[in-house]
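Novice: This is final39.txt, which holds compact mmCIF, C-alpha atoms and all ligand atoms:
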# COMPACT_ATOMS: atom_id res chain seq x y z
CA MET X 7 -35.76 -9.77 0.52
CA ASN X 8 -32.50 -11.70 0.35
CA ASN X 9 -32.12 -15.43 -0.29
CA ASP X 10 -31.07 -16.10 3.23
CA THR X 11 -34.27 -14.91 4.88
CA SER X 12 -36.54 -16.27 2.16
CA SER X 13 -35.78 -19.76 3.52
CA LEU X 14 -37.86 -18.80 6.55
CA PHE X 15 -40.98 -18.91 4.40
CA ASP X 16 -42.87 -21.83 2.93
CA ARG X 17 -43.87 -22.13 -0.72
CA ARG X 18 -46.96 -20.02 -0.19
CA GLY X 19 -44.96 -17.25 1.47
CA PHE X 20 -46.08 -17.86 5.04
CA LEU X 21 -43.58 -18.15 7.90
CA LYS X 22 -42.70 -21.76 8.59
CA ALA X 23 -43.46 -22.94 12.15
CA GLY X 24 -39.74 -23.50 12.89
CA SER X 25 -38.86 -20.04 11.60
CA LEU X 26 -41.16 -18.36 14.05
CA THR X 27 -39.29 -20.09 16.89
CA THR X 28 -35.98 -18.87 15.44
CA LEU X 29 -37.21 -15.30 15.07
CA THR X 30 -38.64 -15.31 18.60
CA ALA X 31 -35.34 -16.62 20.01
CA LEU X 32 -33.33 -13.97 18.18
CA LEU X 33 -35.69 -11.21 19.29
CA GLY X 34 -35.68 -12.37 22.90
CA THR X 35 -39.42 -11.90 23.01
CA ASN X 36 -42.45 -13.10 21.14
CA ILE X 37 -44.10 -11.50 18.17
CA VAL X 38 -47.54 -10.65 19.52
CA PHE X 39 -49.49 -10.73 16.30
CA ALA X 40 -47.34 -13.30 14.55
CA ASP X 41 -50.47 -14.89 13.13
CA ARG X 42 -51.21 -11.65 11.31
CA LEU X 43 -47.84 -11.28 9.58
CA PRO X 44 -48.50 -10.69 5.91
CA LYS X 45 -47.16 -13.15 3.37
CA HIS X 46 -43.37 -12.89 2.87
CA TYR X 47 -43.15 -10.15 5.50
CA LEU X 48 -39.94 -10.19 7.49
CA PRO X 49 -40.34 -7.94 10.55
CA LEU X 50 -38.13 -4.85 10.35
CA ALA X 51 -36.13 -5.90 13.39
CA PHE X 52 -34.59 -8.61 11.21
CA ASP X 53 -34.14 -6.57 8.11
CA ARG X 54 -32.17 -4.19 10.29
CA TYR X 55 -30.78 -6.93 12.49
CA ALA X 56 -29.69 -5.75 15.92
CA GLY X 57 -27.10 -8.40 16.75
CA ASP X 58 -27.05 -11.15 19.32
CA GLY X 59 -23.61 -11.85 20.75
CA PRO X 60 -20.01 -10.72 21.22
CA ASN X 61 -18.79 -12.26 17.98
CA ASP X 62 -21.70 -10.94 16.00
CA PRO X 63 -20.42 -7.97 13.98
CA MET X 64 -23.83 -6.33 13.93
CA THR X 65 -23.59 -5.56 17.64
CA THR X 66 -20.92 -3.01 16.75
CA LYS X 67 -22.72 -1.60 13.72
CA ASN X 68 -25.28 1.13 13.46
CA LYS X 69 -28.78 0.22 12.48
CA GLY X 70 -29.40 0.83 8.82
CA LEU X 71 -26.76 -1.47 7.39
CA VAL X 72 -28.19 -4.22 5.23
CA ILE X 73 -27.37 -7.88 5.76
CA LEU X 74 -26.79 -9.68 2.48
CA ASN X 75 -25.74 -12.91 4.20
CA ASP X 76 -24.92 -13.96 7.76
CA LYS X 77 -23.04 -17.22 6.94
CA PRO X 78 -20.55 -15.75 6.26
CA TRP X 79 -21.27 -12.17 7.32
CA ASN X 80 -21.79 -9.87 4.37
CA VAL X 81 -23.26 -6.53 5.26
CA GLU X 82 -23.57 -3.47 3.09
CA THR X 83 -23.84 0.22 3.81
CA PRO X 84 -26.65 2.12 2.08
CA ALA X 85 -25.23 5.06 0.11
CA TYR X 86 -26.68 7.73 2.42
CA LEU X 87 -24.82 6.22 5.41
CA LEU X 88 -21.48 6.66 3.58
CA ASP X 89 -21.71 10.44 4.00
CA ASP X 90 -18.65 10.79 6.28
CA ALA X 91 -15.37 11.81 4.63
CA VAL X 92 -13.68 9.07 6.67
CA THR X 93 -15.85 5.98 7.07
CA PRO X 94 -16.44 5.22 10.77
CA ALA X 95 -16.28 1.60 11.95
CA ASP X 96 -20.01 1.37 12.58
CA LYS X 97 -20.77 2.27 8.95
CA MET X 98 -18.19 0.08 7.28
CA PHE X 99 -19.38 -2.74 5.04
CA ILE X 100 -18.39 -6.28 6.00
CA ARG X 101 -17.31 -8.95 3.57
CA ASN X 102 -16.17 -12.27 4.98
CA ASN X 103 -15.50 -15.44 3.05
CA GLY X 104 -15.23 -17.65 6.13
CA GLN X 105 -15.77 -17.49 9.87
CA ILE X 106 -14.48 -14.61 11.99
CA PRO X 107 -11.65 -16.02 14.18
CA ALA X 108 -13.16 -17.15 17.47
CA THR X 109 -10.09 -16.25 19.53
CA ILE X 110 -7.19 -13.90 18.91
CA ASP X 111 -4.02 -14.60 20.87
CA ILE X 112 -2.91 -11.00 20.96
CA ALA X 113 0.16 -11.58 23.19
CA ASN X 114 1.59 -14.09 20.72
CA TRP X 115 0.43 -12.61 17.42
CA LYS X 116 3.19 -12.75 14.84
CA LEU X 117 3.75 -11.66 11.27
CA THR X 118 5.91 -14.02 9.24
CA ILE X 119 7.41 -13.07 5.89
CA ASN X 120 8.35 -16.14 3.86
CA GLY X 121 8.10 -17.49 0.31
CA GLU X 122 10.47 -18.43 -2.53
CA SER X 123 11.76 -14.87 -2.97
CA VAL X 124 12.93 -13.96 0.55
CA LYS X 125 16.58 -14.36 1.44
CA ALA X 126 15.46 -16.01 4.70
CA PRO X 127 12.03 -16.08 6.36
CA LYS X 128 11.61 -13.64 9.22
CA THR X 129 9.01 -13.24 11.97
CA TYR X 130 7.97 -10.10 13.87
CA SER X 131 5.87 -9.65 17.00
CA LEU X 132 3.27 -6.89 17.02
CA SER X 133 5.42 -4.72 19.27
CA GLU X 134 8.44 -5.19 17.00
CA LEU X 135 6.36 -4.00 14.05
CA LYS X 136 5.22 -0.97 16.02
CA THR X 137 8.66 0.06 17.27
CA LYS X 138 11.12 -1.05 14.61
CA PHE X 139 9.52 0.77 11.67
CA LYS X 140 8.15 4.25 11.08
CA PRO X 141 4.33 4.30 11.20
CA TYR X 142 2.26 5.97 8.48
CA THR X 143 -1.41 6.89 8.26
CA TYR X 144 -3.36 6.94 5.00
CA GLN X 145 -7.02 7.15 4.00
CA LEU X 146 -7.54 4.21 1.67
CA VAL X 147 -10.49 3.21 -0.50
CA VAL X 148 -11.36 -0.43 0.09
CA GLU X 149 -14.01 -1.55 -2.40
CA CYS X 150 -15.23 -5.11 -2.88
CA GLY X 151 -14.68 -6.36 -6.42
CA GLY X 152 -18.34 -7.42 -6.38
CA ASN X 153 -19.69 -3.98 -5.39
CA GLY X 154 -22.51 -3.14 -7.82
CA ARG X 155 -23.16 -6.78 -8.68
CA ALA X 156 -26.92 -6.31 -8.13
CA GLY X 157 -26.96 -4.05 -11.19
CA TYR X 158 -26.01 -6.76 -13.68
CA PHE X 159 -28.49 -8.46 -15.94
CA PRO X 160 -28.57 -11.40 -16.39
CA LYS X 161 -28.06 -11.88 -12.66
CA THR X 162 -24.75 -13.34 -11.52
CA ALA X 163 -24.22 -15.51 -8.44
CA GLY X 164 -22.80 -14.00 -5.26
CA ASN X 165 -23.69 -11.31 -2.75
CA GLN X 166 -25.98 -8.78 -4.39
CA TRP X 167 -24.11 -5.61 -3.44
CA THR X 168 -25.76 -2.37 -4.60
CA GLU X 169 -23.57 0.69 -3.94
CA GLY X 170 -22.36 0.13 -0.41
CA GLY X 171 -19.51 -2.40 -0.63
CA VAL X 172 -16.98 0.40 -0.28
CA SER X 173 -15.27 2.33 2.52
CA CYS X 174 -12.51 4.89 3.02
CA ALA X 175 -11.13 4.72 6.54
CA GLU X 176 -7.88 6.03 7.96
CA TRP X 177 -5.42 3.17 8.38
CA THR X 178 -2.24 3.27 10.47
CA GLY X 179 0.61 0.83 10.24
CA VAL X 180 3.97 0.30 8.62
CA ARG X 181 4.83 0.23 4.97
CA LEU X 182 5.17 -3.29 3.63
CA LYS X 183 8.16 -2.05 1.64
CA ASP X 184 9.98 -1.14 4.87
CA ILE X 185 9.36 -4.61 6.27
CA LEU X 186 10.52 -6.23 3.04
CA ALA X 187 13.67 -4.10 3.00
CA ASP X 188 14.42 -5.40 6.49
CA VAL X 189 13.74 -9.02 5.52
CA GLY X 190 15.59 -8.86 2.22
CA ILE X 191 13.91 -10.07 -0.95
CA THR X 192 15.51 -11.38 -4.11
CA ASP X 193 15.04 -10.15 -7.66
CA THR X 194 12.92 -13.23 -8.42
CA ALA X 195 10.01 -11.64 -6.51
CA VAL X 196 6.89 -11.38 -8.70
CA TYR X 197 3.90 -11.33 -6.36
CA ILE X 198 2.90 -11.36 -2.71
CA GLY X 199 0.24 -13.53 -1.08
CA TYR X 200 -1.33 -13.03 2.36
CA TYR X 201 -2.58 -15.57 4.89
CA GLY X 202 -5.14 -14.72 7.59
CA GLN X 203 -6.45 -16.58 10.59
CA ASP X 204 -10.10 -16.97 9.63
CA LEU X 205 -11.63 -20.43 9.48
CA HIS X 206 -13.34 -22.02 6.51
CA LEU X 207 -17.13 -22.13 6.80
CA SER X 208 -16.90 -25.91 7.08
CA GLY X 209 -14.84 -25.46 10.26
CA ASP X 210 -12.02 -27.50 8.69
CA PRO X 211 -8.75 -25.81 9.77
CA ASN X 212 -6.92 -27.30 6.79
CA GLN X 213 -9.21 -25.72 4.23
CA PRO X 214 -7.99 -22.26 3.23
CA VAL X 215 -10.57 -19.44 3.17
CA ILE X 216 -8.92 -16.81 1.02
CA SER X 217 -5.28 -15.99 0.26
CA ARG X 218 -4.77 -13.31 -2.33
CA GLY X 219 -2.15 -10.77 -3.24
CA VAL X 220 -0.79 -8.23 -5.69
CA PRO X 221 2.22 -7.90 -8.00
CA ILE X 222 5.41 -6.93 -6.16
CA LYS X 223 5.31 -3.45 -7.76
CA LYS X 224 1.96 -2.65 -6.12
CA ALA X 225 3.10 -4.27 -2.86
CA LEU X 226 6.09 -1.90 -2.71
CA GLU X 227 4.05 1.31 -3.10
CA ASP X 228 4.25 3.78 -0.21
CA GLU X 229 0.55 3.34 0.63
CA THR X 230 0.60 -0.46 0.97
CA LEU X 231 0.29 -0.89 4.73
CA VAL X 232 0.51 -3.62 7.30
CA ALA X 233 -1.95 -1.90 9.62
CA TRP X 234 -2.85 -2.31 13.28
CA ALA X 235 -5.16 0.70 13.64
CA MET X 236 -8.24 2.01 11.90
CA ASN X 237 -9.46 5.56 12.54
CA GLY X 238 -7.01 5.88 15.43
CA LYS X 239 -8.16 2.78 17.31
CA ASP X 240 -7.48 -0.94 17.26
CA ILE X 241 -8.92 -2.48 14.09
CA PRO X 242 -12.39 -3.90 14.95
CA LEU X 243 -12.39 -7.71 15.08
CA VAL X 244 -14.65 -8.04 12.05
CA HIS X 245 -12.32 -5.84 9.97
CA GLY X 246 -9.17 -7.81 10.74
CA TYR X 247 -7.96 -7.28 14.32
CA PRO X 248 -5.13 -7.25 15.24
CA LEU X 249 -3.28 -6.91 11.92
CA ARG X 250 -4.37 -6.30 8.36
CA LEU X 251 -2.84 -5.81 4.98
CA VAL X 252 -4.46 -2.71 3.45
CA ILE X 253 -3.99 -2.01 -0.25
CA GLY X 254 -6.09 0.87 -1.59
CA GLY X 255 -7.52 1.10 -5.10
CA TRP X 256 -7.58 -2.61 -5.92
CA PRO X 257 -10.37 -5.11 -5.18
CA ALA X 258 -10.73 -5.24 -1.39
CA SER X 259 -10.09 -8.97 -1.49
CA VAL X 260 -6.35 -8.16 -1.63
CA SER X 261 -6.55 -6.47 1.78
CA GLY X 262 -6.14 -9.54 3.99
CA LYS X 263 -7.68 -9.47 7.45
CA TRP X 264 -6.38 -11.26 10.58
CA LEU X 265 -2.99 -11.21 8.84
CA HIS X 266 -0.27 -13.58 10.09
CA THR X 267 1.86 -14.37 7.02
CA ILE X 268 2.90 -12.74 3.78
CA ALA X 269 4.62 -14.92 1.20
CA ILE X 270 6.93 -13.31 -1.37
CA ARG X 271 6.34 -15.43 -4.43
CA ASN X 272 8.48 -16.03 -7.53
CA LYS X 273 5.28 -16.42 -9.60
CA VAL X 274 1.73 -15.10 -9.59
CA HIS X 275 0.33 -16.11 -6.19
CA ASP X 276 -1.86 -19.21 -6.43
CA GLY X 277 -3.64 -19.09 -3.05
CA ALA X 278 -7.37 -19.60 -2.46
CA LYS X 279 -9.49 -17.30 -4.65
CA MET X 280 -6.55 -16.28 -6.86
CA THR X 281 -7.30 -18.93 -9.48
CA GLY X 282 -10.24 -20.05 -11.60
CA LYS X 283 -12.73 -17.19 -12.04
CA SER X 284 -12.33 -15.60 -8.61
CA TYR X 285 -11.80 -11.85 -8.87
CA ARG X 286 -11.25 -12.21 -12.59
CA VAL X 287 -13.00 -10.87 -15.68
CA PRO X 288 -12.97 -12.10 -19.28
CA ILE X 289 -10.02 -10.89 -21.35
CA HIS X 290 -12.37 -10.08 -24.24
CA PRO X 291 -15.88 -8.63 -23.85
CA VAL X 292 -18.51 -11.38 -23.75
CA VAL X 293 -22.18 -11.48 -24.67
CA PRO X 294 -24.18 -11.18 -21.41
CA GLY X 295 -24.88 -14.68 -20.12
CA VAL X 296 -21.89 -16.30 -21.84
CA ASP X 297 -19.28 -17.86 -19.53
CA PRO X 298 -15.95 -18.48 -21.30
CA PRO X 299 -13.32 -21.01 -20.09
CA ASP X 300 -11.10 -20.05 -17.14
CA SER X 301 -8.12 -19.52 -19.44
CA ASP X 302 -9.92 -16.53 -21.00
CA PHE X 303 -10.01 -14.62 -17.70
CA LYS X 304 -7.59 -12.08 -16.21
CA ILE X 305 -7.05 -10.90 -12.64
CA ILE X 306 -8.76 -7.61 -11.72
CA GLU X 307 -6.14 -5.02 -10.81
CA SER X 308 -6.91 -1.31 -10.29
CA MET X 309 -10.64 -0.70 -9.74
CA PRO X 310 -12.50 1.53 -12.26
CA VAL X 311 -13.58 5.16 -11.73
CA LYS X 312 -16.70 5.44 -9.60
CA SER X 313 -18.77 7.77 -7.41
CA VAL X 314 -21.58 7.69 -4.91
CA ILE X 315 -24.24 10.21 -3.89
CA THR X 316 -24.33 10.25 -0.09
CA PHE X 317 -26.70 13.19 0.39
CA PRO X 318 -29.62 13.35 0.11
CA LYS X 319 -30.96 9.87 0.68
CA THR X 320 -32.89 8.62 -2.31
CA GLY X 321 -36.60 9.42 -2.06
CA LEU X 322 -36.21 12.96 -0.68
CA GLU X 323 -39.29 15.16 -0.93
CA LEU X 324 -38.23 18.74 -1.47
CA PRO X 325 -40.48 21.79 -1.17
CA MET X 326 -40.82 23.86 -4.35
CA ASP X 327 -38.24 26.69 -4.78
CA LYS X 328 -35.75 25.17 -2.33
CA SER X 329 -32.29 24.67 -3.72
CA LEU X 330 -30.52 21.45 -3.00
CA THR X 331 -26.86 20.72 -2.33
CA VAL X 332 -26.02 17.20 -3.39
CA ARG X 333 -22.81 15.60 -2.21
CA GLY X 334 -20.77 12.42 -2.22
CA HIS X 335 -17.41 10.82 -2.92
CA ALA X 336 -15.53 9.75 -6.05
CA TRP X 337 -12.53 7.46 -6.51
CA ALA X 338 -10.69 5.81 -9.39
CA GLY X 339 -8.51 2.89 -8.28
CA ASP X 340 -4.85 3.83 -8.78
CA ARG X 341 -5.87 7.01 -10.62
CA LEU X 342 -7.08 10.43 -9.52
CA VAL X 343 -10.61 11.68 -10.17
CA LYS X 344 -10.39 14.73 -12.38
CA ALA X 345 -14.06 15.77 -12.68
CA LEU X 346 -17.50 15.01 -11.33
CA HIS X 347 -20.71 15.95 -13.10
CA VAL X 348 -24.34 15.71 -12.10
CA SER X 349 -27.47 15.53 -14.22
CA THR X 350 -31.08 16.08 -13.19
CA ASP X 351 -32.58 15.35 -16.62
CA PHE X 352 -31.62 11.72 -17.15
CA GLY X 353 -28.23 12.53 -18.61
CA SER X 354 -29.31 15.05 -21.26
CA THR X 355 -27.30 17.85 -19.66
CA TRP X 356 -24.56 17.78 -17.06
CA GLN X 357 -23.24 20.38 -14.65
CA PRO X 358 -19.81 20.24 -13.01
CA ALA X 359 -19.61 19.65 -9.28
CA THR X 360 -16.97 21.10 -6.97
CA LEU X 361 -14.43 18.36 -6.47
CA GLN X 362 -11.82 18.24 -3.71
CA ALA X 363 -8.33 16.81 -3.90
CA PRO X 364 -7.85 13.52 -2.04
CA LYS X 365 -6.28 13.61 1.43
CA ASN X 366 -3.56 11.35 0.02
CA ARG X 367 -3.09 9.09 -2.98
CA LEU X 368 -5.71 6.26 -3.06
CA ALA X 369 -8.20 8.15 -0.82
CA TRP X 370 -11.62 9.06 -2.15
CA GLN X 371 -12.49 12.67 -3.05
CA GLN X 372 -15.44 14.70 -1.79
CA TRP X 373 -17.73 16.55 -4.18
CA THR X 374 -20.74 18.86 -3.90
CA ALA X 375 -23.14 20.29 -6.45
CA GLU X 376 -25.84 22.91 -6.05
CA ILE X 377 -28.84 21.90 -8.14
CA LYS X 378 -32.10 23.63 -9.06
CA LEU X 379 -35.26 21.67 -9.73
CA PRO X 380 -37.61 23.99 -11.63
CA LEU X 381 -41.02 22.31 -11.46
CA GLN X 382 -43.02 20.05 -9.20
CA GLY X 383 -42.54 16.40 -9.95
CA TYR X 384 -40.21 13.44 -9.96
CA TYR X 385 -36.48 13.82 -10.68
CA GLU X 386 -33.43 11.68 -10.62
CA VAL X 387 -29.99 12.97 -9.74
CA TRP X 388 -27.21 11.13 -11.52
CA ALA X 389 -23.52 11.52 -10.67
CA ARG X 390 -20.69 10.72 -13.04
CA ALA X 391 -16.96 10.79 -12.29
CA THR X 392 -14.13 11.07 -14.82
CA ASP X 393 -10.59 9.95 -14.02
CA ASP X 394 -7.31 11.64 -14.96
CA ALA X 395 -6.95 9.41 -18.02
CA GLY X 396 -10.27 10.79 -19.32
CA VAL X 397 -12.25 7.63 -18.58
CA ALA X 398 -15.76 8.29 -17.22
CA GLN X 399 -18.32 6.06 -15.53
CA PRO X 400 -20.86 4.48 -17.84
CA MET X 401 -24.41 5.74 -17.31
CA VAL X 402 -25.80 2.24 -17.68
CA MET X 403 -24.45 -1.23 -16.96
CA PRO X 404 -20.84 -1.67 -18.07
CA GLN X 405 -19.47 -4.81 -19.74
CA TRP X 406 -21.29 -7.78 -18.21
CA ASN X 407 -19.03 -10.50 -16.78
CA PRO X 408 -19.90 -13.94 -15.41
CA GLU X 409 -18.91 -13.23 -11.78
CA GLY X 410 -20.56 -9.81 -11.67
CA TYR X 411 -17.48 -7.77 -10.80
CA ILE X 412 -16.53 -4.07 -11.17
CA ASN X 413 -19.91 -2.55 -11.99
CA ASN X 414 -19.13 1.17 -11.94
CA ALA X 415 -22.36 2.49 -13.49
CA CYS X 416 -23.47 5.96 -12.37
CA HIS X 417 -25.26 6.12 -9.03
CA ARG X 418 -28.72 7.67 -9.19
CA ILE X 419 -31.15 8.91 -6.55
CA ALA X 420 -34.80 9.91 -6.77
CA VAL X 421 -36.01 13.34 -5.62
CA LYS X 422 -39.59 14.57 -5.65
CA VAL X 423 -40.41 18.26 -5.65
CA VAL X 424 -43.76 18.82 -3.94
N1 LIG H 501 -8.67 -13.02 5.95
C1 LIG H 501 -9.60 -12.48 5.14
N2 LIG H 501 -9.37 -11.31 4.55
C2 LIG H 501 -10.30 -10.75 3.74
C3 LIG H 501 -11.52 -11.42 3.46
C4 LIG H 501 -11.76 -12.67 4.11
O1 LIG H 501 -12.79 -13.31 3.95
N3 LIG H 501 -10.77 -13.17 4.94
N4 LIG H 501 -12.41 -10.87 2.57
C5 LIG H 501 -11.86 -9.93 1.59
C6 LIG H 501 -12.88 -9.27 0.81
S1 LIG H 501 -13.53 -10.13 -0.50
C7 LIG H 501 -13.26 -7.96 1.08
S2 LIG H 501 -14.37 -7.17 0.08
C8 LIG H 501 -12.69 -7.23 2.22
C9 LIG H 501 -13.77 -6.67 3.12
O2 LIG H 501 -13.24 -5.91 4.17
P1 LIG H 501 -14.15 -5.40 5.36
O3 LIG H 501 -15.02 -6.54 5.83
O4 LIG H 501 -13.22 -4.93 6.42
O5 LIG H 501 -14.99 -4.26 4.84
O6 LIG H 501 -11.82 -8.03 3.03
C10 LIG H 501 -10.99 -8.89 2.29
N5 LIG H 501 -10.05 -9.53 3.18
MO MO H 502 -14.75 -8.58 -1.81
As structure tokens, please, write out the structure in this file.

Specialist:
Amino acid sequence: MNNDTSSLFDRRGFLKAGSLTTLTALLGTNIVFADRLPKHYLPLAFDRYAGDGPNDPMTTKNKGLVILNDKPWNVETPAYLLDDAVTPADKMFIRNNGQIPATIDIANWKLTINGESVKAPKTYSLSELKTKFKPYTYQLVVECGGNGRAGYFPKTAGNQWTEGGVSCAEWTGVRLKDILADVGITDTAVYIGYYGQDLHLSGDPNQPVISRGVPIKKALEDETLVAWAMNGKDIPLVHGYPLRLVIGGWPASVSGKWLHTIAIRNKVHDGAKMTGKSYRVPIHPVVPGVDPPDSDFKIIESMPVKSVITFPKTGLELPMDKSLTVRGHAWAGDRLVKALHVSTDFGSTWQPATLQAPKNRLAWQQWTAEIKLPLQGYYEVWARATDDAGVAQPMVMPQWNPEGYINNACHRIAVKVV
């Protein structure tokens, strides 16, 4: 049970009187046998929260997503719900640092390009963006830098993502490089930084929520999009409507939602969550539990090679003598995935899976493997991807880091042959 819901219980693990009122209000009806709820038991309706209003992202999500936090909304997708080649909106994880904008003035939405390294600032309306530049569509992997955090020991603070802080949707928009060519940038440009319209949790409009970016070289890649559509439709509000910066392969925190401004900086961008330890890892490996000074940290750039098993769901019971086709996705930040292997004997032996090419650069790749499980009993299926530089996923926890980022350990599922 997550921290957020544990506050509903008293020290002995029984629902607090006030909590029962809250739960009843959210449900819209009473819990008949509330007095018989076991200790620490949160009714399933809340574990798989159904949503309660127009600005509540869960009203647009399928049941089965897991709420890690609702202030701000952080919702993860269990691995088996990531089975689609292109992640649909209702199965896309949510990571917010502040409040979802309460109102979007779509008629007056503008994108401004400014900063030290533009010849002159320039502003575009949405319709100018859509008509002035050629649109492109790419499938792009968007993975939270904290995906996998739950696998670190000792535990690190933050949302305890397991495998599901990742998506690969089809984004449509214009290339940032085309916009910047139109604006005109100078050769002092080093970095970009985005600004979005979300509000700080405190409600203070002067407090920035998050403003991150990438080096100018990454910003000028073909696949770096200023997008207005996801999977052929308007971007859902919770994922950044009406405009979003989408940069595949790097921590998803660089893909700014509710985008209204991009600054072209003559130095490494210093917006909210660019500095200190945010989205940074120690320069040198550290002993687990040791937190070095900020100056010993570097910004996370390309995400490491990783894969997920999306079928079957962990816990499958398989009749004896039935073969099983296991499948999933693999991705490797700016790199290509070159091979995917599976093991059913805890990593003693590995067999190659069939691996597809990505739809485009920075998209994830589908894989399948036919496995045979010879005897009755408990098995685990492990999947391990290798990138085109020969780097493979670690089977166990990779280098621990104080903020719990970039855990790319192999995904495993349990299968029982009965
Ligand atoms: N404006 C804005 N953009 C943002 C964020 C945010 O809080 N505000 N969160 C970032 C982080 S940390 C992640 S992981 C992704 C999550 O994108 P999603 O909610 O569409 O899956 O959005 C990024 N872009
Ligand atoms: Mo994130």

Novice: Hey, what's within 7 Å of stretch 389-405 of chain X if we count all atoms listed in the file and toss same-chain stuff fewer than 5 positions away? As a list in words, please?

Specialist: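 Counting only the stated atoms, we get Gly157, Tyr158, Pro291, Val311, Lys312, Ser313, Ile315, Ala336, Ala338, Arg341, Leu342, Val343, Lys344, Ala345, Leu346, His347, Val348, Ser349, Asn413, Asn414, Ala415, Cys416, His417 and Arg418 of chain X.
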
Novice: May I ask which of the residues X:Pro78, X:Gly334, X:Pro325, X:Pro364 is the closest one to X:Pro380, counting only C-alpha atoms?

Specialist: X:Pro325

Novice: Identify which of the residues X:Leu132, X:Val292, X:Ile306, X:Ile270 lies closest to ligand MO 502 (chain H), counting only C-alpha atoms and all ligand atoms when measuring atom-to-atom distances.

Specialist: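 The shortest atom-to-atom distance to ligand MO 502 (chain H) comes from X:Ile306.
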
Novice: Show me which residues line ligand LIG 501 (chain H), defined as having an atom within 8 Å of a ligand atom where only C-alpha atoms and all ligand atoms count, and present them as a ChimeraX atom specification.

Specialist: /X:80,98-105,148-152,171-173,201-204,215-217,244-246,257-265

Novice: Under the rule that all atoms listed in the file are counted, which of X:Leu21, X:Leu243, X:Ala40, X:Val81 is the nearest residue to ligand MO 502 (chain H)?

Specialist: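 Among the listed residues, the smallest separation from ligand MO 502 (chain H) belongs to X:Val81.
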
Novice: Name the residues in contact with stretch 274-285 of chain X at a cut-off of 10 Å, using all atoms listed in the file, excluding same-chain residues fewer than 5 positions from it; report them as a PyMOL selection string.

Specialist: chain X and resi 103+150-152+195-201+213-222+257+259-260+269+297-307+408-412

Novice: Pick the closest to ligand MO 502 (chain H) from X:Ser329, X:Ser13, X:Asn165, X:Asn407: which is it, counting all atoms listed in the file?

Specialist: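 Selected residue with least distance to ligand MO 502 (chain H): X:Asn165.
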
Novice: Which residue is closest to X:Pro107? Choose from X:Trp79, X:Leu205, X:Trp370, X:Gly154 and count all atoms listed in the file.

Specialist: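 Looking only at the distances to X:Pro107, the closest residue turns out to be X:Leu205.
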
Novice: Between X:Trp167, X:Tyr142, X:Phe317, X:Trp388, which has the minimum distance to ligand MO 502 (chain H) (counting only C-alpha atoms and all ligand atoms)?

Specialist: X:Trp167

Novice: Give as a PyMOL selection string every residue, naming chains and numbers as the document does, that has an atom within 6 Å of (6.2, 1.4, 6.9), counting only C-alpha atoms.

Specialist: chain X and resi 139-141+180-182+184

Novice: How many Å lie between atom CA of X:Leu74 and atom CA of X:Gly19, rounded to one decimal?

Specialist: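 These atoms are spaced 19.7 Å apart.
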
Novice: Env of X:Gly190: 8 Å cut, atoms = all atoms listed in the file, seq-sep filter 5 positions within chain, self excluded. Answer as a list of chain:residue names.

Specialist: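 Residues near the query, excluding close chain neighbours: X:Val124, X:Lys125, X:Ala126.
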
Novice: Might you pull out every residue within 7 Å of X:Tyr385, with only C-alpha atoms counted and same-chain residues fewer than 4 positions away left off, and present them as a PyMOL selection string?

Specialist: chain X and resi 350+420-422

Novice: Atom CA of X:Glu376 and atom CA of X:Thr83 are how many Å apart?

Specialist: 24.8 Å

Novice: Please write as an NGL selection string the list of polymer residues whose atoms come within 12 Å of (-14.3, 2.0, 10.2), counting only C-alpha atoms and keeping to the coordinates of the file.

Specialist: :X and (66-68 or 83 or 88 or 90-100 or 145-148 or 172-177 or 235-247)

Novice: Suppose you want the space between atom CA of X:Ser123 and atom CA of X:His266; what is it in Å?

Specialist: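 Separation of atom CA of X:Ser123 and atom CA of X:His266: 17.8 Å.
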
Novice: Draw an axis-aligned box tight on the listed atoms of stretch 298-303 of chain X, then pad every side by 4 Å and write out centre and edge lengths in Å to one decimal as AutoDock Vina command-line options.

Specialist:
--center_x -12.0 --center_y -17.8 --center_z -19.2 --size_x 15.8 --size_y 14.4 --size_z 12.2
